[in-house]
>>> print(open('final-v6.csv').read())   # CSV, C-alpha atoms and all ligand atoms
chain,number,residue,atom,x,y,z
P,152,MET,CA,0.0,0.0,0.0
P,153,PRO,CA,1.5,3.4,-0.9
P,154,LEU,CA,2.2,5.8,2.0
P,155,PHE,CA,-0.6,8.1,2.7
P,156,ASP,CA,-1.1,11.4,4.6
P,157,ALA,CA,-4.6,13.0,4.6
P,158,GLU,CA,-3.3,16.4,5.8
P,159,LYS,CA,-0.8,16.5,3.0
P,160,LEU,CA,-3.7,15.9,0.6
P,161,LYS,CA,-5.6,18.9,2.0
P,162,GLU,CA,-2.5,21.1,1.8
P,163,ASN,CA,-2.0,20.1,-1.8
P,164,ALA,CA,-5.6,20.8,-2.6
P,165,LEU,CA,-5.5,24.3,-1.2
P,166,THR,CA,-2.2,25.1,-2.9
P,167,SER,CA,-3.6,23.9,-6.2
P,168,ILE,CA,-6.7,26.1,-5.8
P,169,ARG,CA,-4.7,29.1,-4.8
P,170,LEU,CA,-2.4,28.7,-7.9
P,171,GLY,CA,-5.5,28.1,-10.1
P,172,ILE,CA,-7.0,31.4,-8.9
P,173,GLU,CA,-3.7,33.3,-9.4
P,174,ASP,CA,-3.5,31.8,-13.0
P,175,PHE,CA,-7.1,32.8,-13.6
P,176,GLN,CA,-6.5,36.4,-12.5
P,177,ARG,CA,-3.4,36.7,-14.7
P,178,SER,CA,-5.2,35.1,-17.6
P,179,GLN,CA,-8.0,37.7,-17.6
P,180,ILE,CA,-5.7,40.7,-17.9
P,181,PRO,CA,-4.6,41.5,-21.4
P,182,LEU,CA,-1.0,40.9,-22.4
P,183,ASP,CA,-0.2,44.6,-22.8
P,184,GLN,CA,-1.4,45.3,-19.3
P,185,GLY,CA,0.9,42.8,-17.7
P,186,GLY,CA,-1.5,39.9,-17.9
P,187,ASP,CA,-0.9,36.5,-19.4
P,188,PRO,CA,-3.8,34.9,-21.4
P,189,GLU,CA,-1.7,31.8,-21.8
P,190,ARG,CA,-2.4,31.0,-18.2
P,191,ALA,CA,-6.0,30.1,-18.8
P,192,LEU,CA,-5.4,26.5,-19.3
P,193,SER,CA,-3.2,26.1,-16.2
P,194,ALA,CA,-5.9,27.9,-14.2
P,195,ILE,CA,-8.4,25.3,-15.2
P,196,ARG,CA,-6.0,22.4,-14.6
P,197,ASN,CA,-5.0,23.6,-11.2
P,198,LEU,CA,-8.6,24.4,-10.1
P,199,PHE,CA,-10.0,21.2,-11.2
P,200,ALA,CA,-7.2,19.2,-9.7
P,201,GLY,CA,-7.5,21.1,-6.4
P,202,VAL,CA,-11.2,20.4,-6.1
P,203,LEU,CA,-10.7,16.7,-6.8
P,204,LEU,CA,-7.9,16.6,-4.1
P,205,LEU,CA,-10.4,18.2,-1.7
P,206,PHE,CA,-12.9,15.5,-2.5
P,207,LYS,CA,-10.3,12.8,-1.9
P,208,TYR,CA,-9.4,14.4,1.4
P,209,LYS,CA,-13.1,14.2,2.4
P,210,ILE,CA,-13.2,10.5,1.4
P,211,ALA,CA,-10.0,9.8,3.3
P,212,THR,CA,-11.3,11.5,6.5
P,213,THR,CA,-14.6,9.6,6.6
P,214,VAL,CA,-12.7,6.7,8.2
P,215,ASP,CA,-10.5,6.7,11.3
P,216,ASP,CA,-7.6,4.4,10.3
P,217,PRO,CA,-5.1,5.8,7.7
P,218,LYS,CA,-4.7,2.3,6.3
P,219,ASP,CA,-8.5,2.2,5.6
P,220,ALA,CA,-8.2,5.7,4.1
P,221,ALA,CA,-5.5,4.6,1.7
P,222,THR,CA,-7.7,1.8,0.4
P,223,LEU,CA,-10.4,4.3,-0.4
P,224,ILE,CA,-8.0,6.7,-2.2
P,225,PHE,CA,-5.7,4.5,-4.2
P,226,ASN,CA,-6.9,2.4,-7.1
P,227,PRO,CA,-7.7,-1.1,-5.9
P,228,PRO,CA,-6.2,-4.2,-7.5
P,229,GLU,CA,-8.1,-5.7,-10.3
P,230,VAL,CA,-10.5,-8.5,-9.4
P,231,LEU,CA,-10.2,-11.4,-11.8
P,232,PRO,CA,-12.0,-14.8,-12.1
P,233,GLN,CA,-10.1,-18.0,-11.2
P,234,ALA,CA,-11.1,-21.6,-11.4
P,235,ASP,CA,-11.8,-22.9,-7.8
P,236,GLY,CA,-10.7,-26.4,-8.8
P,237,HIS,CA,-14.2,-27.9,-8.4
P,238,GLY,CA,-15.6,-26.7,-11.7
P,239,GLY,CA,-16.6,-23.3,-10.3
P,240,VAL,CA,-15.2,-19.8,-10.3
P,241,GLU,CA,-13.9,-17.4,-7.7
P,242,TRP,CA,-13.3,-13.7,-8.1
P,243,GLN,CA,-10.2,-12.6,-6.4
P,244,PRO,CA,-8.1,-9.4,-6.3
P,245,VAL,CA,-4.8,-9.8,-8.2
P,246,GLY,CA,-1.8,-7.8,-7.2
P,247,ASN,CA,-1.6,-4.8,-4.8
P,248,PHE,CA,-3.2,-1.4,-4.6
P,249,LYS,CA,-1.9,0.8,-7.3
P,250,LYS,CA,0.2,3.9,-6.9
P,251,THR,CA,-2.4,6.0,-8.8
P,252,THR,CA,-5.3,7.6,-7.0
P,253,ILE,CA,-8.9,7.4,-7.9
P,254,ASP,CA,-10.5,9.4,-10.8
P,255,VAL,CA,-13.7,11.3,-11.0
P,256,THR,CA,-15.8,8.2,-11.8
P,257,THR,CA,-14.5,6.4,-8.7
P,258,ILE,CA,-14.7,9.5,-6.5
P,259,LYS,CA,-18.4,9.6,-7.4
P,260,LYS,CA,-18.8,5.9,-6.4
P,261,ARG,CA,-17.0,6.6,-3.1
P,262,PHE,CA,-19.2,9.6,-2.4
P,263,ASN,CA,-22.3,7.5,-3.1
P,264,SER,CA,-21.2,4.7,-0.7
P,265,PHE,CA,-20.4,7.2,2.1
P,266,GLY,CA,-23.5,9.4,1.5
P,267,ILE,CA,-21.6,12.5,0.5
P,268,GLU,CA,-23.7,14.8,-1.6
P,269,MET,CA,-22.4,16.4,-4.8
P,270,ASP,CA,-23.8,18.1,-7.9
P,271,TRP,CA,-22.2,15.7,-10.3
P,272,GLU,CA,-23.9,17.1,-13.3
P,273,THR,CA,-21.9,20.3,-12.8
P,274,ILE,CA,-18.7,18.5,-12.0
P,275,GLU,CA,-18.9,16.4,-15.1
P,276,LYS,CA,-19.7,19.6,-17.1
P,277,LEU,CA,-16.5,21.2,-15.7
P,278,GLN,CA,-14.5,18.1,-16.5
P,279,GLU,CA,-15.7,18.1,-20.0
P,280,CYS,CA,-14.9,21.8,-20.3
P,281,ARG,CA,-11.3,21.1,-19.0
P,282,ASN,CA,-10.8,18.3,-21.5
P,283,HIS,CA,-12.2,20.4,-24.3
P,284,LEU,CA,-10.0,23.4,-23.5
P,285,GLU,CA,-6.8,21.3,-23.7
P,286,HIS,CA,-7.3,21.3,-27.5
P,287,LEU,CA,-7.9,25.0,-28.0
P,288,HIS,CA,-5.7,28.1,-28.3
P,289,PRO,CA,-5.7,29.9,-24.9
P,290,ALA,CA,-6.9,33.1,-26.5
P,291,ASN,CA,-10.1,31.4,-27.6
P,292,THR,CA,-10.9,30.1,-24.1
P,293,LEU,CA,-10.7,33.2,-21.9
P,294,GLY,CA,-14.5,33.5,-21.7
P,295,GLU,CA,-15.0,29.8,-21.1
P,296,VAL,CA,-12.5,29.9,-18.3
P,297,ALA,CA,-14.4,32.7,-16.7
P,298,ASP,CA,-17.6,30.6,-17.0
P,299,PHE,CA,-15.7,27.7,-15.4
P,300,VAL,CA,-14.6,29.7,-12.4
P,301,ALA,CA,-18.0,31.1,-11.8
P,302,GLU,CA,-19.7,27.6,-12.0
P,303,LEU,CA,-17.1,26.1,-9.7
P,304,PHE,CA,-17.7,28.7,-7.0
P,305,PRO,CA,-21.0,27.4,-5.6
P,306,ILE,CA,-19.7,23.8,-5.6
P,307,LEU,CA,-16.6,24.7,-3.7
P,308,ARG,CA,-18.5,27.0,-1.3
P,309,ASP,CA,-21.1,24.4,-0.4
P,310,PHE,CA,-18.7,21.6,-0.2
P,311,VAL,CA,-16.3,23.4,2.2
P,312,HIS,CA,-19.3,24.5,4.3
P,313,SER,CA,-21.4,21.4,4.5
P,314,GLU,CA,-19.0,18.5,4.0
P,315,MET,CA,-15.8,19.9,5.6
P,316,ASN,CA,-17.5,22.0,8.2
P,317,GLU,CA,-15.2,24.9,7.6
P,318,GLN,CA,-15.6,28.5,6.6
P,319,PRO,CA,-14.7,28.9,2.9
P,320,ALA,CA,-13.2,32.4,3.5
P,321,GLU,CA,-10.8,30.9,6.2
P,322,LEU,CA,-9.9,27.8,4.4
P,323,LEU,CA,-9.4,29.2,0.9
P,324,GLY,CA,-7.7,32.4,2.1
P,325,PRO,CA,-7.0,35.1,-0.6
P,326,ALA,CA,-8.5,32.9,-3.4
P,327,TRP,CA,-11.9,33.3,-1.8
P,328,PRO,CA,-12.7,37.0,-2.3
P,329,ILE,CA,-11.5,36.8,-5.9
P,330,MET,CA,-13.8,33.9,-6.6
P,331,LEU,CA,-16.7,35.5,-4.8
P,332,LYS,CA,-16.3,38.8,-6.7
P,333,HIS,CA,-16.0,37.0,-10.0
P,334,HIS,CA,-19.1,34.9,-9.2
P,335,THR,CA,-21.2,37.9,-8.3
P,336,PHE,CA,-20.2,39.8,-11.4
P,337,PHE,CA,-20.9,36.7,-13.5
P,338,MET,CA,-24.4,36.2,-12.0
P,339,ASP,CA,-25.3,39.8,-12.3
P,340,THR,CA,-24.1,39.9,-15.9
P,341,THR,CA,-26.0,36.7,-16.8
P,342,LYS,CA,-29.2,38.2,-15.5
P,343,GLU,CA,-28.6,41.4,-17.5
P,344,CYS,CA,-28.0,39.4,-20.7
P,345,GLU,CA,-31.1,37.3,-20.1
P,346,ASP,CA,-33.2,40.4,-19.5
P,347,ALA,CA,-31.8,42.1,-22.6
P,348,TRP,CA,-32.8,39.0,-24.8
P,349,THR,CA,-36.4,39.1,-23.6
P,350,ASP,CA,-37.0,42.2,-25.8
P,351,ALA,CA,-35.1,40.9,-28.8
P,352,GLY,CA,-37.8,38.7,-30.5
P,353,VAL,CA,-36.2,35.3,-30.1
P,354,PRO,CA,-38.8,32.6,-31.2
P,355,GLU,CA,-40.0,31.0,-28.0
P,356,LEU,CA,-39.1,27.4,-28.9
P,357,MET,CA,-35.6,28.5,-29.8
P,358,GLN,CA,-35.0,30.0,-26.3
P,359,PRO,CA,-33.2,26.8,-25.0
P,360,TRP,CA,-30.8,27.0,-27.9
P,361,LEU,CA,-30.1,30.6,-27.3
P,362,GLU,CA,-29.2,29.7,-23.7
P,363,LYS,CA,-26.5,27.3,-25.0
P,364,CYS,CA,-24.8,30.0,-27.1
P,365,GLN,CA,-21.2,30.9,-26.4
P,366,CYS,CA,-19.1,33.7,-27.9
P,367,GLU,CA,-17.3,32.3,-31.0
P,368,ALA,CA,-14.2,34.3,-30.2
P,369,CYS,CA,-13.7,33.5,-26.5
P,370,GLY,CA,-16.2,30.9,-25.5
P,371,SER,CA,-18.0,33.1,-22.9
P,372,SER,CA,-21.7,32.5,-22.2
P,373,LEU,CA,-22.1,36.2,-21.3
P,374,ILE,CA,-23.5,37.3,-24.6
P,375,ARG,CA,-26.3,39.9,-25.1
P,376,PRO,CA,-28.2,41.3,-28.0
P,377,ASP,CA,-26.1,43.9,-29.9
P,378,ILE,CA,-27.1,47.4,-28.6
P,379,ASP,CA,-27.0,49.1,-32.0
P,380,ASP,CA,-29.2,46.4,-33.5
P,381,LEU,CA,-31.7,46.7,-30.7
P,382,ASP,CA,-31.6,50.5,-31.0
P,383,ASP,CA,-32.3,50.2,-34.8
P,384,GLY,CA,-35.4,48.3,-33.9
P,385,LEU,CA,-34.1,44.9,-35.3
P,386,GLN,CA,-35.7,41.7,-34.0
P,387,VAL,CA,-34.2,38.2,-34.1
P,388,ASP,CA,-37.3,36.6,-35.6
P,389,GLU,CA,-37.6,39.2,-38.4
P,390,ASP,CA,-34.0,40.1,-39.0
P,391,ASP,CA,-32.4,36.7,-38.7
P,392,THR,CA,-29.7,37.4,-41.2
P,393,THR,CA,-28.5,40.7,-39.6
P,394,PHE,CA,-29.2,40.5,-35.9
P,395,ARG,CA,-25.9,40.2,-33.9
P,396,TYR,CA,-24.9,39.3,-30.4
P,397,LEU,CA,-22.3,41.2,-28.4
P,398,CYS,CA,-19.9,39.3,-26.1
P,399,VAL,CA,-19.7,41.1,-22.8
P,400,GLY,CA,-16.4,39.2,-22.1
P,401,CYS,CA,-14.4,40.2,-25.2
P,402,GLY,CA,-16.5,42.6,-27.2
P,403,TYR,CA,-16.8,40.3,-30.3
P,404,ARG,CA,-20.0,40.6,-32.3
P,405,ASP,CA,-21.5,38.2,-34.8
P,406,LEU,CA,-24.8,36.8,-36.0
P,407,ILE,CA,-26.9,35.1,-33.4
P,408,VAL,CA,-29.3,33.0,-35.5
P,409,PRO,CA,-26.7,30.7,-37.2
P,410,LEU,CA,-25.2,30.1,-33.7
P,411,MET,CA,-28.6,29.1,-32.2
P,412,ILE,CA,-29.3,26.8,-35.1
P,413,LYS,CA,-25.9,25.3,-34.9
P,414,ASN,CA,-26.5,24.5,-31.3
P,415,LEU,CA,-29.8,22.8,-32.1
P,416,ASN,CA,-28.2,20.8,-34.9
P,417,ASP,CA,-25.2,19.8,-32.8
P,418,GLU,CA,-27.5,18.4,-30.2
P,419,PHE,CA,-29.3,16.3,-32.7
P,420,ASP,CA,-26.1,15.3,-34.4
P,421,TYR,CA,-26.1,11.8,-35.9
P,422,ASP,CA,-23.7,9.5,-37.5
P,423,PRO,CA,-25.0,7.8,-40.7
P,424,ARG,CA,-22.4,5.0,-40.1
P,425,ASP,CA,-24.2,4.0,-36.9
P,426,GLY,CA,-27.5,3.7,-38.9
P,427,GLY,CA,-28.5,7.2,-37.6
P,428,GLU,CA,-30.9,9.4,-39.5
P,429,PRO,CA,-31.1,13.1,-39.5
P,430,SER,CA,-33.5,14.4,-36.9
P,431,VAL,CA,-33.5,18.1,-37.9
P,432,GLU,CA,-34.3,19.3,-41.4
P,433,THR,CA,-35.1,22.5,-43.2
P,434,CYS,CA,-38.6,23.7,-42.6
P,435,ASP,CA,-40.8,24.0,-45.7
P,436,GLU,CA,-42.5,27.0,-44.3
P,437,CYS,CA,-39.8,29.3,-42.9
P,438,GLU,CA,-36.7,27.7,-44.5
P,439,HIS,CA,-34.7,27.5,-41.3
P,440,ASP,CA,-32.9,24.3,-40.4
P,441,THR,CA,-35.1,24.0,-37.3
P,442,PHE,CA,-37.7,21.4,-38.2
P,443,VAL,CA,-37.4,18.6,-35.6
P,444,ILE,CA,-38.5,15.5,-37.5
P,445,HIS,CA,-39.6,13.3,-34.5
P,446,GLU,CA,-41.6,16.2,-33.0
P,447,GLN,CA,-43.1,16.9,-36.4
P,448,LYS,CA,-42.7,20.6,-35.6
P,449,CYS,CA,-40.6,23.6,-36.5
P,450,LEU,CA,-38.9,25.3,-33.5
P,451,TRP,CA,-38.6,28.5,-35.4
P,452,CYS,CA,-42.0,29.2,-36.8
P,453,GLU,CA,-43.9,26.5,-34.8
P,454,THR,CA,-45.4,25.0,-38.0
P,455,GLU,CA,-46.9,21.6,-37.3
P,456,LEU,CA,-47.8,18.9,-39.8
P,457,ASP,CA,-51.4,18.7,-41.0
P,458,TYR,CA,-51.1,14.9,-41.3
P,459,LYS,CA,-49.1,13.4,-38.5
P,460,GLU,CA,-49.7,9.7,-39.2
P,461,CYS,CA,-50.8,7.5,-42.0
P,462,ASN,CA,-54.6,6.9,-41.9
P,463,PHE,CA,-54.0,3.3,-42.9
P,464,CYS,CA,-51.0,2.0,-41.1
P,465,GLY,CA,-50.3,4.6,-38.4
P,466,GLU,CA,-46.7,5.2,-39.5
P,467,SER,CA,-45.5,8.7,-38.5
P,468,LEU,CA,-45.4,11.1,-41.5
P,469,GLY,CA,-42.9,13.8,-42.4
P,470,GLN,CA,-43.0,17.1,-44.4
P,471,ASP,CA,-42.6,15.2,-47.7
P,472,ASP,CA,-45.7,13.1,-47.1
P,473,GLN,CA,-48.1,16.0,-46.6
P,474,GLU,CA,-49.1,16.1,-50.3
P,475,ASN,CA,-50.4,12.5,-49.9
P,476,GLY,CA,-53.4,13.6,-48.0
P,477,GLY,CA,-52.8,11.6,-44.8
P,478,LEU,CA,-51.1,8.5,-46.2
P,479,CYS,CA,-47.6,7.2,-46.0
P,480,GLY,CA,-45.6,6.9,-49.3
P,481,TYR,CA,-46.4,3.2,-49.6
P,482,HIS,CA,-50.1,3.4,-49.0
P,483,HIS,CA,-50.4,6.5,-51.2
P,484,TYR,CA,-48.7,4.4,-53.9
P,485,LEU,CA,-51.2,1.5,-53.4
P,486,HIS,CA,-54.1,3.9,-53.3
P,487,GLU,CA,-53.1,5.5,-56.6
P,488,LYS,CA,-52.6,2.1,-58.2
P,489,VAL,CA,-56.0,0.9,-57.2
P,490,MET,CA,-57.6,4.1,-58.5
P,491,LYS,CA,-55.8,3.7,-61.8
P,492,ASP,CA,-56.7,0.0,-62.1
P,493,ASP,CA,-60.4,0.8,-61.6
P,501,ZN,ZN,-16.1,36.7,-26.3
P,502,ZN,ZN,-40.4,26.8,-39.7
P,503,ZN,ZN,-49.3,3.7,-44.3
>>> encode(input="final-v6.csv", output="structure tokens", more="lines below")
Ligand SMILES: [Zn+2]
Ligand SMILES: [Zn+2]
Ligand SMILES: [Zn+2]
Amino acid sequence: MPLFDAEKLKENALTSIRLGIEDFQRSQIPLDQGGDPERALSAIRNLFAGVLLLFKYKIATTVDDPKDAATLIFNPPEVLPQADGHGGVEWQPVGNFKKTTIDVTTIKKRFNSFGIEMDWETIEKLQECRNHLEHLHPANTLGEVADFVAELFPILRDFVHSEMNEQPAELLGPAWPIMLKHHTFFMDTTKECEDAWTDAGVPELMQPWLEKCQCEACGSSLIRPDIDDLDDGLQVDEDDTTFRYLCVGCGYRDLIVPLMIKNLNDEFDYDPRDGGEPSVETCDECEHDTFVIHEQKCLWCETELDYKECNFCGESLGQDDQENGGLCGYHHYLHEKVMKDD
């Protein structure tokens, strides 16, 4: 069993979070003002690693004996089947505990077994974000990093408070006020952006896809309708080829509608090699790529099909079948044939 010291784990966790916040601060200041945008990635790496270390510390301190603690933190030996010599099988651990410590998936299992609560949906989202940022240029991630820190904040605050029974401000030291201030700014700005969009004429069913939009230059979710476009009386539903968003994070502006539609289509992405079929197509009415085939409805103009299923066999119908007067292609063909033969 590798040597193990829970207090050391806590110390490392706090160091990692402190470094992460320092990196974050430096990353948000432009290069010509003494900042260093390149630090965005190390900010995320340090913060995420720090939080996982805190989680492991919590797991380790749920038991009294350090030996037991080590069995919870290090990866256990593999359990393999072996013949029991009487025609049966026995499952036994092979080898020793590994030198590596448990990953997010296993931390989640340990939390579940010890009744420790966690918002795993957000943790998994943050993990995905970290993995995704590894592949991008730091300049294109500054907004997303700011989102990351803001979303991490409530997790860390609640965890330190409820699971570690400590005051976040004391435990996290100088990192705390920086995170708090950033989180407050982020929440206020999110609210302002949401409010601004309510007057911008976004089709109602497209609203969830607007909420997923991120600035194409920096990845920030803090985007609002462009002020000039609003002042000119433009509306998203009427001026879909001109209406722009404005990124509060970096000032970039671009068209909002293609971004919303891209989010919708990405969500319904399919791979023909897996036997998948497209699930979003161009709407015959409004010509946006927003017709969701299985819902038989356009999310942009809310057009629904007149004929939803074949009168004869009940098969669900698409836009192409509408001219068949309520029959599927096959039954329409049969019907035509019968009429001709008469
Ligand atoms: Zn931006
Ligand atoms: Zn439509
Ligand atoms: Zn039919």
>>> residues_around(input="final-v6.csv", residues="segment 246-253 of chain P", least_positions_apart="6", cutoff="6 Å", atoms="all atoms listed in the file", output="compact mmCIF listing (two decimals) with C-alpha atoms, keeping the file's coordinate frame")
# COMPACT_ATOMS: atom_id res chain seq x y z
CA MET P 152 0.00 0.00 0.00
CA ILE P 224 -8.00 6.70 -2.20
CA PHE P 225 -5.70 4.50 -4.20
CA ASN P 226 -6.90 2.40 -7.10
CA PRO P 227 -7.70 -1.10 -5.90
CA PRO P 228 -6.20 -4.20 -7.50
>>> residues_around(input="final-v6.csv", residues="segment 477-487 of chain P", least_positions_apart="6", cutoff="8 Å", atoms="only C-alpha atoms", output="list of chain:residue names")
P:Tyr458, P:Lys459, P:Glu460, P:Cys461, P:Asn462, P:Phe463, P:Cys464, P:Glu466, P:Ser467, P:Leu468
>>> atom_distance(input="final-v6.csv", atom1="atom CA of Cys366 of chain P", atom2="atom CA of Gly294 of chain P")
7.7 Å
>>> atom_distance(input="final-v6.csv", atom1="atom CA of Leu415 of chain P", atom2="atom CA of Gly427 of chain P")
16.6 Å
>>> residues_near_ligand(input="final-v6.csv", ligand="ligand ZN 501 (chain P)", cutoff="12 Å", atoms="only C-alpha atoms and all ligand atoms", output="ChimeraX atom specification")
/P:179,290-298,364-375,396-405
>>> closest_residue(input="final-v6.csv", among="P:Glu474, P:Glu285, P:Asp270, P:Glu314", to="Ala191 of chain P", atoms="all atoms listed in the file")
P:Glu285
>>> residues_near_ligand(input="final-v6.csv", ligand="ligand ZN 502 (chain P)", cutoff="8 Å", atoms="only C-alpha atoms and all ligand atoms", output="list in words")
Thr433, Cys434, Asp435, Glu436, Cys437, Glu438, His439, Asp440, Thr441, Phe442, Lys448, Cys449, Leu450, Trp451, Cys452, Glu453 and Thr454 of chain P
>>> residues_around(input="final-v6.csv", residues="Tyr208 of chain P", least_positions_apart="2", cutoff="7 Å", atoms="only C-alpha atoms", output="MDAnalysis selection string")
chainID P and resid 157 160:161 204:206 210:212
>>> residues_near_point(input="final-v6.csv", point="(-17.0, 20.7, -1.0)", cutoff="12 Å", atoms="only C-alpha atoms", output="MDAnalysis selection string")
chainID P and resid 161 164 201:210 262 267:271 274 303:319 322:323
>>> residues_around(input="final-v6.csv", residues="Arg281 of chain P", least_positions_apart="4", cutoff="10 Å", atoms="only C-alpha atoms", output="ChimeraX atom specification")
/P:192-196,198-199,275-277,285-286,295-296,299
>>> atom_distance(input="final-v6.csv", atom1="atom CA of Thr222 of chain P", atom2="atom CA of Gly266 of chain P")
17.6 Å
>>> residues_around(input="final-v6.csv", residues="Arg190 of chain P", least_positions_apart="3", cutoff="6 Å", atoms="all atoms listed in the file", output="list in words")
Asp174, Ser178, Asp187 and Ser193 of chain P
>>> decode(input="final-v6.csv", residues="segment 322-334 of chain P", atoms="N, CA, C and O atoms", output="compact mmCIF listing (two decimals), in the first residue's frame")
# COMPACT_ATOMS: atom_id res chain seq x y z
N LEU P 322 -10.65 28.87 4.96
CA LEU P 322 -9.94 27.75 4.35
C LEU P 322 -9.22 28.17 3.07
O LEU P 322 -8.08 27.82 2.82
N LEU P 323 -9.92 28.93 2.23
CA LEU P 323 -9.38 29.23 0.91
C LEU P 323 -8.55 30.51 0.87
O LEU P 323 -7.91 30.81 -0.14
N GLY P 324 -8.54 31.26 1.97
CA GLY P 324 -7.69 32.45 2.06
C GLY P 324 -7.95 33.45 0.95
O GLY P 324 -9.10 33.70 0.60
N PRO P 325 -6.86 34.01 0.38
CA PRO P 325 -7.02 35.09 -0.60
C PRO P 325 -7.75 34.66 -1.88
O PRO P 325 -8.26 35.51 -2.61
N ALA P 326 -7.80 33.35 -2.15
CA ALA P 326 -8.50 32.91 -3.37
C ALA P 326 -10.01 33.18 -3.24
O ALA P 326 -10.70 33.41 -4.23
N TRP P 327 -10.48 33.16 -2.00
CA TRP P 327 -11.92 33.27 -1.76
C TRP P 327 -12.54 34.58 -2.27
O TRP P 327 -13.47 34.54 -3.09
N PRO P 328 -12.06 35.75 -1.81
CA PRO P 328 -12.71 36.99 -2.27
C PRO P 328 -12.64 37.17 -3.78
O PRO P 328 -13.56 37.75 -4.38
N ILE P 329 -11.59 36.66 -4.40
CA ILE P 329 -11.47 36.80 -5.87
C ILE P 329 -12.57 35.99 -6.55
O ILE P 329 -13.26 36.46 -7.46
N MET P 330 -12.77 34.77 -6.05
CA MET P 330 -13.82 33.91 -6.63
C MET P 330 -15.20 34.51 -6.37
O MET P 330 -16.06 34.52 -7.25
N LEU P 331 -15.39 34.99 -5.16
CA LEU P 331 -16.68 35.55 -4.77
C LEU P 331 -17.04 36.73 -5.67
O LEU P 331 -18.15 36.82 -6.20
N LYS P 332 -16.08 37.63 -5.86
CA LYS P 332 -16.31 38.82 -6.66
C LYS P 332 -16.63 38.43 -8.10
O LYS P 332 -17.55 38.95 -8.72
N HIS P 333 -15.83 37.48 -8.60
CA HIS P 333 -16.04 37.05 -9.98
C HIS P 333 -17.43 36.40 -10.14
O HIS P 333 -18.13 36.65 -11.11
N HIS P 334 -17.79 35.59 -9.17
CA HIS P 334 -19.08 34.90 -9.23
C HIS P 334 -20.23 35.90 -9.22
O HIS P 334 -21.18 35.79 -9.99
